[in-house]
Amino acid sequence: MRETEFAIVGAGPAGLSAAIEAARAGVQVTLIDENEKPGGQLFKQIHKFFGSKEHYAGVRGIDIGYQLLDEVEKCGAEVMLNSVVWGIFENLDLGIIQNGKRNLHLQPKKVLLATGAVENALAFPGWTLAGVMGAGAIQTLVNVHRVLPGKRILMVGSGNVGLIVSYQLLQAGAEVVALVEAAPRIGGYAVHASKVARRGVPILVSTTVKEALGKETVEQAVLVSLDENWKPIPGSERTLDVDVICLACGLSPLAELAWMAGVDFTYIPQFGGWMPLHNENMETTRSGLYIAGDLAGIEEASTAIEEGRLAGVAAAESLGYLSPAAAEEQKTVIRKRLNQLREGPFGEARKEIKEQLAFGGGKWRY
């Protein structure tokens with residue numbers, strides 16, 4: 001059995017940021033990821049980030065990923081790739097399969113779960129046809145492998161993911177035939193919706209997919225309008241010729257390891273469903289186990305970075321590498337940046353929910 005001081009599961013924006021902060025303080029860090037390359041979703045994000053300089057405003061996600069990787073390398077954290085954490089046990093021991101065959105155990109003193117999220121599916125007749133795929137898969141094909149999944153795309157979902165991926169498909173040379181949204185209004189930022197609309201893509205609200213048609217692959221999509229009770233309106237069906245239906249129907253925290261660890265959960269629809277409770281230091285109800293990123297509630301990559309930093313500093317303090325005063329000084333700055341990210345018409349409600357979720361002094365606040 002190997003030992004380490006701080007094990008981080010997931011080398012996306014949250015995990016990388018936590019590794020940097022903890023290793024800089026002198027902590028022995030082991031960063032574990034199941035993929036061949038670290039970076040998570042950042043390397044699919046070719047658009048420029050919003051916000052302030054501290055939040056990488058004007059920098060493309062892929063470039064942020066390279067910056068974080070460079071910092072991780074400089075700070076000396078160990079990175080284990082092609083490594084799947086399949087279990088978490090007593091004393092926070094981790095079971096790991098490396099390169100698909102080597103089974104090993106890692107015994108850390110502290111653990112951060114930064115496992116990210118999983119895409120939500122949408123079931124309708126024909127949804128198992130080739131050509132129905134999630135937005136994450138399409139981002140991987142287009143932005144990582146430079147492969148178009150099809151020529152005529154129907155986008156389902158008007159959140160930021162659906163809007164951004166639609167625009168990236170247009171940039172890659174595909175035709176986005178339409179973007180449909182079951183809700184009566186667009187879910188993402190107006191700036192993203194405007195970019196798509198200016199390219200001539202119709203955005204159809206109160207509309208969903210009734211069925212997909214085709215022999216072996218998608219050939220057509222049948223749309224239907226919805227009434228104020230989200231019920232299909234008879235006679236409102238229309239058919240579009242498409243070869244891909246992209247599902248951008250939201251994300252849910254990837255929480256299997258957190259469930260296995262026995263932490264307390266709560267259900268918050270605004271953050272993707274069931275998620276582990278955590279305190280102001282990103283520590284769960286199980287001592288020494290931290291969470292960050294989409295596992296702590298679905299938000300943006302910038303938020304994941306800041307939550308990772310917060311967890312890294314808190315773990316370093318708990319391990320004795322930072323004094324309470326020094327740690328609090330760093331955490332205050334990070335929390336200020338987190339609050340800035342949660343300001344505005346979309347962020348205020350999320351900020352309030354996060355504050356209600358936090359616990360301290362041994363008492364829960366709901």
# chains A, B, ... in the order shown; residues from 1 in each chain; ligands from 1

call {"tool": "residues_around", "arguments": {"residues": "Val161 of chain A", "least_positions_apart": "3", "cutoff": "12 Å", "atoms": "only C-alpha atoms", "output": "VMD selection string"}}
result
chain A and resid 41 44 to 45 47 119 134 to 139 155 to 158 164 to 169 179 186 to 189 192 to 193 246 to 251 298 to 301

call {"tool": "write_last_selection", "arguments": {"atoms": "N, CA and C atoms", "output": "compact mmCIF listing (two decimals), in the first residue's frame"}}
result
# COMPACT_ATOMS: atom_id res chain seq x y z
N GLN A 41 -12.54 19.18 -18.72
CA GLN A 41 -13.34 19.87 -19.73
C GLN A 41 -12.65 21.08 -20.34
N LYS A 44 -11.80 21.11 -24.00
CA LYS A 44 -12.90 21.15 -24.96
C LYS A 44 -13.43 22.58 -25.14
N GLN A 45 -12.98 23.48 -24.28
CA GLN A 45 -13.55 24.83 -24.26
C GLN A 45 -12.62 25.79 -25.01
N HIS A 47 -13.71 28.61 -26.33
CA HIS A 47 -14.21 29.98 -26.23
C HIS A 47 -13.48 30.73 -25.11
N GLU A 119 -23.54 13.89 -18.06
CA GLU A 119 -24.60 14.52 -18.84
C GLU A 119 -25.95 13.83 -18.61
N GLY A 134 -24.59 13.26 -26.72
CA GLY A 134 -24.51 14.36 -25.77
C GLY A 134 -23.61 15.47 -26.26
N ALA A 135 -23.81 16.66 -25.71
CA ALA A 135 -23.00 17.82 -26.10
C ALA A 135 -21.53 17.62 -25.76
N GLY A 136 -21.25 16.91 -24.66
CA GLY A 136 -19.86 16.65 -24.29
C GLY A 136 -19.15 15.80 -25.33
N ALA A 137 -19.86 14.80 -25.86
CA ALA A 137 -19.27 13.95 -26.90
C ALA A 137 -18.98 14.77 -28.16
N ILE A 138 -19.91 15.65 -28.50
CA ILE A 138 -19.70 16.48 -29.69
C ILE A 138 -18.55 17.45 -29.49
N GLN A 139 -18.44 18.03 -28.29
CA GLN A 139 -17.30 18.91 -28.02
C GLN A 139 -15.98 18.15 -28.16
N MET A 155 -29.95 21.02 -32.02
CA MET A 155 -29.50 21.16 -30.64
C MET A 155 -30.71 21.17 -29.72
N VAL A 156 -30.64 20.35 -28.66
CA VAL A 156 -31.71 20.27 -27.67
C VAL A 156 -31.20 20.83 -26.35
N GLY A 157 -31.69 21.98 -25.94
CA GLY A 157 -31.27 22.61 -24.70
C GLY A 157 -30.62 23.95 -24.94
N SER A 158 -31.14 24.99 -24.26
CA SER A 158 -30.63 26.35 -24.48
C SER A 158 -29.86 26.89 -23.29
N ILE A 164 -23.24 27.45 -26.48
CA ILE A 164 -21.82 27.51 -26.84
C ILE A 164 -21.46 26.43 -27.85
N VAL A 165 -21.95 25.20 -27.63
CA VAL A 165 -21.64 24.12 -28.56
C VAL A 165 -22.28 24.38 -29.92
N SER A 166 -23.46 24.98 -29.93
CA SER A 166 -24.08 25.35 -31.21
C SER A 166 -23.18 26.29 -31.99
N TYR A 167 -22.65 27.29 -31.31
CA TYR A 167 -21.78 28.25 -31.99
C TYR A 167 -20.48 27.59 -32.46
N GLN A 168 -19.96 26.69 -31.64
CA GLN A 168 -18.73 26.01 -32.03
C GLN A 168 -18.97 25.09 -33.24
N LEU A 169 -20.15 24.48 -33.33
CA LEU A 169 -20.49 23.67 -34.50
C LEU A 169 -20.58 24.54 -35.75
N LEU A 179 -32.40 25.18 -32.61
CA LEU A 179 -32.12 24.92 -31.20
C LEU A 179 -33.46 24.94 -30.48
N ILE A 186 -35.14 31.07 -22.81
CA ILE A 186 -33.77 30.60 -22.97
C ILE A 186 -33.10 30.48 -21.61
N GLY A 187 -32.35 29.39 -21.41
CA GLY A 187 -31.76 29.15 -20.10
C GLY A 187 -30.38 29.73 -19.90
N GLY A 188 -29.63 30.00 -20.98
CA GLY A 188 -28.26 30.47 -20.87
C GLY A 188 -28.14 31.97 -20.96
N TYR A 189 -26.91 32.44 -21.03
CA TYR A 189 -26.64 33.87 -21.09
C TYR A 189 -27.08 34.44 -22.43
N HIS A 192 -24.53 34.58 -25.36
CA HIS A 192 -24.33 33.35 -26.13
C HIS A 192 -25.50 33.13 -27.09
N ALA A 193 -26.72 33.38 -26.61
CA ALA A 193 -27.89 33.20 -27.46
C ALA A 193 -27.86 34.16 -28.64
N CYS A 246 -28.20 16.65 -30.92
CA CYS A 246 -27.27 16.89 -29.80
C CYS A 246 -28.07 17.22 -28.55
N LEU A 247 -27.84 16.47 -27.49
CA LEU A 247 -28.56 16.65 -26.23
C LEU A 247 -27.72 17.46 -25.26
N ALA A 248 -28.18 18.67 -24.96
CA ALA A 248 -27.54 19.51 -23.95
C ALA A 248 -28.58 19.78 -22.87
N CYS A 249 -28.92 18.71 -22.16
CA CYS A 249 -30.04 18.73 -21.22
C CYS A 249 -29.60 18.85 -19.77
N GLY A 250 -28.45 19.43 -19.56
CA GLY A 250 -28.00 19.64 -18.20
C GLY A 250 -27.05 18.56 -17.71
N LEU A 251 -26.53 18.76 -16.52
CA LEU A 251 -25.55 17.87 -15.90
C LEU A 251 -25.98 17.50 -14.49
N ILE A 298 -23.40 22.04 -9.90
CA ILE A 298 -23.06 22.39 -11.28
C ILE A 298 -22.98 23.91 -11.42
N GLU A 299 -21.77 24.39 -11.77
CA GLU A 299 -21.58 25.82 -12.04
C GLU A 299 -20.63 25.93 -13.23
N GLU A 300 -19.81 26.97 -13.23
CA GLU A 300 -18.91 27.22 -14.35
C GLU A 300 -17.50 26.73 -14.02
N ALA A 301 -16.64 26.66 -15.06
CA ALA A 301 -15.26 26.23 -14.85
C ALA A 301 -14.51 27.18 -13.93

call {"tool": "residues_around", "arguments": {"residues": "Pro13 of chain A", "least_positions_apart": "2", "cutoff": "9 Å", "atoms": "only C-alpha atoms", "output": "PyMOL selection string"}}
result
chain A and resi 10-11+15-18+39-42+64-65+68+114+293+301-302+304-306+308

call {"tool": "atom_distance", "arguments": {"atom1": "atom CA of Val118 of chain A", "atom2": "atom CA of Lys231 of chain A"}}
result
26.8 Å

call {"tool": "select_by_dssp", "arguments": {"residues": "segment 117-311 of chain A", "states": "alpha helix (DSSP H)", "output": "ChimeraX atom specification"}}
result
/A:135-139,160-171,190-198,256-261,301-311

call {"tool": "closest_residue", "arguments": {"among": "A:Asp294, A:Glu3, A:Glu307, A:Glu328", "to": "Leu254 of chain A", "atoms": "only C-alpha atoms"}}
result
A:Asp294

call {"tool": "select_by_dssp", "arguments": {"residues": "segment 131-311 of chain A", "states": "strand (DSSP E)", "output": "number ranges by chain"}}
result
A: 132-134, 152-156, 175-181, 203-205, 207-213, 220-225, 238-241, 244-247, 251-253, 265-268, 273-276, 289-291

call {"tool": "closest_residue", "arguments": {"among": "A:Ala212, A:Ala315, A:Ala327, A:Leu113", "to": "Gly12 of chain A", "atoms": "only C-alpha atoms"}}
result
A:Leu113

call {"tool": "residues_around", "arguments": {"residues": "Phe6 of chain A", "least_positions_apart": "2", "cutoff": "9 Å", "atoms": "only C-alpha atoms", "output": "PDB file with C-alpha atoms, in the first residue's frame"}}
result
ATOM      1  CA  THR A   4       0.430  10.170   0.362  1.00  0.00           C
ATOM      2  CA  ILE A   8      -7.063  14.374  -5.417  1.00  0.00           C
ATOM      3  CA  ALA A  19      -3.088  20.392  -6.375  1.00  0.00           C
ATOM      4  CA  ALA A  22      -1.622  22.381  -1.646  1.00  0.00           C
ATOM      5  CA  VAL A  27       1.948  19.126   0.899  1.00  0.00           C
ATOM      6  CA  GLN A  28       2.739  15.787  -0.758  1.00  0.00           C
ATOM      7  CA  VAL A  29       0.047  15.680  -3.455  1.00  0.00           C
ATOM      8  CA  THR A  30      -1.083  12.773  -5.638  1.00  0.00           C
ATOM      9  CA  LEU A  31      -3.421  13.792  -8.472  1.00  0.00           C
ATOM     10  CA  PRO A 108      -3.902   9.383   1.982  1.00  0.00           C
ATOM     11  CA  LYS A 109      -4.396  11.580   5.018  1.00  0.00           C
ATOM     12  CA  LYS A 110      -6.831  13.853   3.182  1.00  0.00           C
ATOM     13  CA  VAL A 111      -8.863  13.345  -0.005  1.00  0.00           C
ATOM     14  CA  LEU A 112     -10.451  15.743  -2.464  1.00  0.00           C
ATOM     15  CA  GLY A 312      -6.326  22.918  -1.497  1.00  0.00           C
ATOM     16  CA  ALA A 315      -6.278  20.743   3.252  1.00  0.00           C
ATOM     17  CA  ALA A 316      -2.832  22.315   3.602  1.00  0.00           C
ATOM     18  CA  LEU A 319      -2.222  19.019   7.507  1.00  0.00           C
TER      19      LEU A 319
END

call {"tool": "residues_around", "arguments": {"residues": "Ala182 of chain A", "least_positions_apart": "4", "cutoff": "8 Å", "atoms": "only C-alpha atoms", "output": "ChimeraX atom specification"}}
result
/A:157,205-208,226,230

call {"tool": "atom_distance", "arguments": {"atom1": "atom CA of Glu5 of chain A", "atom2": "atom CA of Arg309 of chain A"}}
result
16.7 Å

call {"tool": "residues_around", "arguments": {"residues": "segment 129-132 of chain A", "least_positions_apart": "2", "cutoff": "6 Å", "atoms": "only C-alpha atoms", "output": "count of residues only"}}
result
6

call {"tool": "closest_residue", "arguments": {"among": "A:Val59, A:Val242, A:Leu289, A:Val191", "to": "Glu90 of chain A", "atoms": "only C-alpha atoms"}}
result
A:Leu289

call {"tool": "closest_residue", "arguments": {"among": "A:Val144, A:Leu92, A:Val201, A:Leu69", "to": "Ala261 of chain A", "atoms": "only C-alpha atoms"}}
result
A:Leu92
